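Worksheet for the structure shown next.
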Amino acid sequence: MIEFKQQGDCCQVLGRLSQEDVKQLWSQRKTLVAAGTRTLELSGLEYSDTAGVAFLMELLSQHPSELQLVAPSTQVKRLIDLYDLQDFFNE
């Protein structure tokens, strides 16, 4: 189960993000994160597979303003390092 919790200009991503979740969320990808959001906070994202990371990158590219992905969990950080995506994520 995945949850996007909007708090001002920050959106917390909570739970688990797998390929199955991505399939269900794909049609909502342009509306999941409010237009005024500046950061996607990922410390509550317990697990993501590669499809989940690709989905986060899609959210980043589709967002109308500059969006930063911050505070990845340890498991997500491993995928970031594995796929050399450090430029897109902030500690």
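Convention: chains lettered A, B, ... in structure tokens order; per-chain residue numbering from 1; ligands numbered from 1 as shown.
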
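The residues of region 12-75 of chain A that DSSP assigns to strand (DSSP E or B) on this backbone come out as Gln12, Val13, Leu14, Gly15, Arg16, Leu17, Thr39, Leu40, Glu41, Leu45, Glu46, Tyr47, Ser48, Gln68, Leu69 and Val70 of chain A.
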
Give me the region 24-46 of chain A side of the contact with region 54-67 of chain A, cut-off 10 Å, one line per residue showing its nearest atom pair and distance in Å at one decimal, counting only C-alpha atoms, sorted by chain and residue number, as a Markdown table.
```
| residue | atom | partner | partner_atom | distance |
| --- | --- | --- | --- | --- |
| A:Leu25 | CA | A:Phe55 | CA | 9.1 |
| A:Trp26 | CA | A:Phe55 | CA | 8.1 |
| A:Arg29 | CA | A:Leu59 | CA | 6.4 |
| A:Lys30 | CA | A:Gln62 | CA | 6.5 |
| A:Thr31 | CA | A:His63 | CA | 9.0 |
| A:Leu32 | CA | A:Leu59 | CA | 8.5 |
| A:Val33 | CA | A:His63 | CA | 7.8 |
| A:Ala34 | CA | A:His63 | CA | 8.7 |
| A:Ala35 | CA | A:Pro64 | CA | 6.4 |
| A:Gly36 | CA | A:Ser65 | CA | 7.4 |
| A:Thr37 | CA | A:Leu67 | CA | 6.9 |
| A:Arg38 | CA | A:Leu67 | CA | 4.8 |
| A:Thr39 | CA | A:Leu67 | CA | 5.4 |
| A:Leu40 | CA | A:Leu67 | CA | 7.1 |
| A:Leu42 | CA | A:Leu56 | CA | 10.0 |
```

With N, CA, C and O atoms retained, could you export that selection as a compact mmCIF listing (two decimals), in the first residue's frame?
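The file below, out_14.txt, is the result:
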```txt
# COMPACT_ATOMS: atom_id res chain seq x y z
N LEU A 25 -1.44 3.27 -10.13
CA LEU A 25 -1.28 4.72 -10.00
C LEU A 25 -0.99 5.43 -11.32
O LEU A 25 -1.07 6.66 -11.39
N TRP A 26 -0.64 4.69 -12.35
CA TRP A 26 -0.17 5.29 -13.59
C TRP A 26 -1.12 6.35 -14.14
O TRP A 26 -0.70 7.45 -14.52
N ARG A 29 -0.82 9.77 -12.33
CA ARG A 29 0.53 10.30 -12.11
C ARG A 29 0.63 11.81 -12.22
O ARG A 29 1.47 12.42 -11.58
N LYS A 30 -0.24 12.45 -12.99
CA LYS A 30 -0.17 13.90 -13.15
C LYS A 30 -0.91 14.65 -12.05
O LYS A 30 -0.77 15.85 -11.92
N THR A 31 -1.69 13.93 -11.24
CA THR A 31 -2.48 14.59 -10.19
C THR A 31 -2.14 14.11 -8.78
O THR A 31 -2.71 14.61 -7.81
N LEU A 32 -1.23 13.15 -8.64
CA LEU A 32 -0.88 12.62 -7.31
C LEU A 32 -0.20 13.66 -6.43
O LEU A 32 -0.38 13.66 -5.22
N VAL A 33 0.59 14.54 -7.04
CA VAL A 33 1.36 15.53 -6.31
C VAL A 33 0.83 16.91 -6.69
O VAL A 33 0.78 17.24 -7.87
N ALA A 34 0.43 17.70 -5.69
CA ALA A 34 -0.13 19.02 -5.94
C ALA A 34 0.85 19.91 -6.71
O ALA A 34 2.07 19.79 -6.55
N ALA A 35 0.31 20.80 -7.52
CA ALA A 35 1.13 21.66 -8.39
C ALA A 35 2.16 22.49 -7.62
O ALA A 35 3.26 22.71 -8.10
N GLY A 36 1.84 22.96 -6.43
CA GLY A 36 2.76 23.80 -5.67
C GLY A 36 3.81 23.05 -4.86
O GLY A 36 4.59 23.65 -4.13
N THR A 37 3.84 21.75 -4.99
CA THR A 37 4.77 20.92 -4.22
C THR A 37 6.21 21.17 -4.67
O THR A 37 6.49 21.24 -5.85
N ARG A 38 7.11 21.32 -3.71
CA ARG A 38 8.54 21.52 -3.99
C ARG A 38 9.37 20.28 -3.69
O ARG A 38 10.42 20.09 -4.28
N THR A 39 8.91 19.45 -2.73
CA THR A 39 9.68 18.26 -2.36
C THR A 39 8.79 17.04 -2.22
O THR A 39 7.67 17.12 -1.74
N LEU A 40 9.34 15.91 -2.64
CA LEU A 40 8.76 14.60 -2.35
C LEU A 40 9.65 13.98 -1.29
O LEU A 40 10.83 13.72 -1.54
N LEU A 42 10.85 11.03 0.98
CA LEU A 42 10.80 9.59 0.78
C LEU A 42 11.22 8.76 2.00
O LEU A 42 11.32 7.54 1.88
```

Report summary line: As a check of understanding: the span from CA of Arg78 (chain A) to CA of Ser48 (chain A) is 10.2 Å

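The closest residue to Ala71 (chain A), picked from A:Ile2, A:Val22, A:Val53, A:Val13 and counting only C-alpha atoms, is A:Val13.
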
Report summary line: Expressed in Å, the length from CA of Leu17 (chain A) to CA of Leu45 (chain A) is 7.5 Å

Query - Sel. of helix (DSSP H, G or I) residues, chain A, as a count of residues only - result: 35

Requested in this report: Would you kindly return, as a PyMOL selection string, each protein, DNA or RNA residue with an atom no farther than 8 Å from any atom of Glu41 (chain A), considering only C-alpha atoms and excluding same-chain residues fewer than 5 positions away?
Outcome: chain A and resi 10-13+69-72

Based on the selection just made, write N, CA, C and O atoms of those residues as an mmCIF file, in the first residue's frame.
```cif
data_model
loop_
_atom_site.group_PDB
_atom_site.id
_atom_site.type_symbol
_atom_site.label_atom_id
_atom_site.label_comp_id
_atom_site.auth_asym_id
_atom_site.auth_seq_id
_atom_site.Cartn_x
_atom_site.Cartn_y
_atom_site.Cartn_z
ATOM 1 N N CYS A 10 5.274 20.180 0.639
ATOM 2 C CA CYS A 10 5.962 18.887 0.733
ATOM 3 C C CYS A 10 4.926 17.770 0.623
ATOM 4 O O CYS A 10 3.831 17.861 1.172
ATOM 5 N N CYS A 11 5.288 16.722 -0.091
ATOM 6 C CA CYS A 11 4.436 15.542 -0.181
ATOM 7 C C CYS A 11 5.240 14.350 0.321
ATOM 8 O O CYS A 11 6.314 14.057 -0.198
ATOM 9 N N GLN A 12 4.723 13.708 1.362
ATOM 10 C CA GLN A 12 5.383 12.523 1.913
ATOM 11 C C GLN A 12 4.884 11.295 1.167
ATOM 12 O O GLN A 12 3.685 11.154 0.931
ATOM 13 N N VAL A 13 5.826 10.431 0.814
ATOM 14 C CA VAL A 13 5.479 9.163 0.190
ATOM 15 C C VAL A 13 5.669 8.090 1.258
ATOM 16 O O VAL A 13 6.760 7.930 1.801
ATOM 17 N N LEU A 69 13.397 15.221 -4.917
ATOM 18 C CA LEU A 69 13.180 13.973 -4.208
ATOM 19 C C LEU A 69 14.180 13.945 -3.058
ATOM 20 O O LEU A 69 15.382 14.016 -3.289
ATOM 21 N N VAL A 70 13.689 13.890 -1.809
ATOM 22 C CA VAL A 70 14.570 14.014 -0.651
ATOM 23 C C VAL A 70 14.384 12.868 0.334
ATOM 24 O O VAL A 70 13.344 12.224 0.379
ATOM 25 N N ALA A 71 15.434 12.649 1.140
ATOM 26 C CA ALA A 71 15.447 11.721 2.275
ATOM 27 C C ALA A 71 15.027 10.298 1.914
ATOM 28 O O ALA A 71 14.145 9.730 2.546
ATOM 29 N N PRO A 72 15.676 9.690 0.911
ATOM 30 C CA PRO A 72 15.307 8.315 0.586
ATOM 31 C C PRO A 72 15.642 7.364 1.731
ATOM 32 O O PRO A 72 16.633 7.537 2.423
#
```

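Each of A:Asp87, A:Leu82, A:Gly52, A:Thr74 was checked against Gln19 (chain A) using only C-alpha atoms; the smallest atom-to-atom distance is that of A:Gly52.
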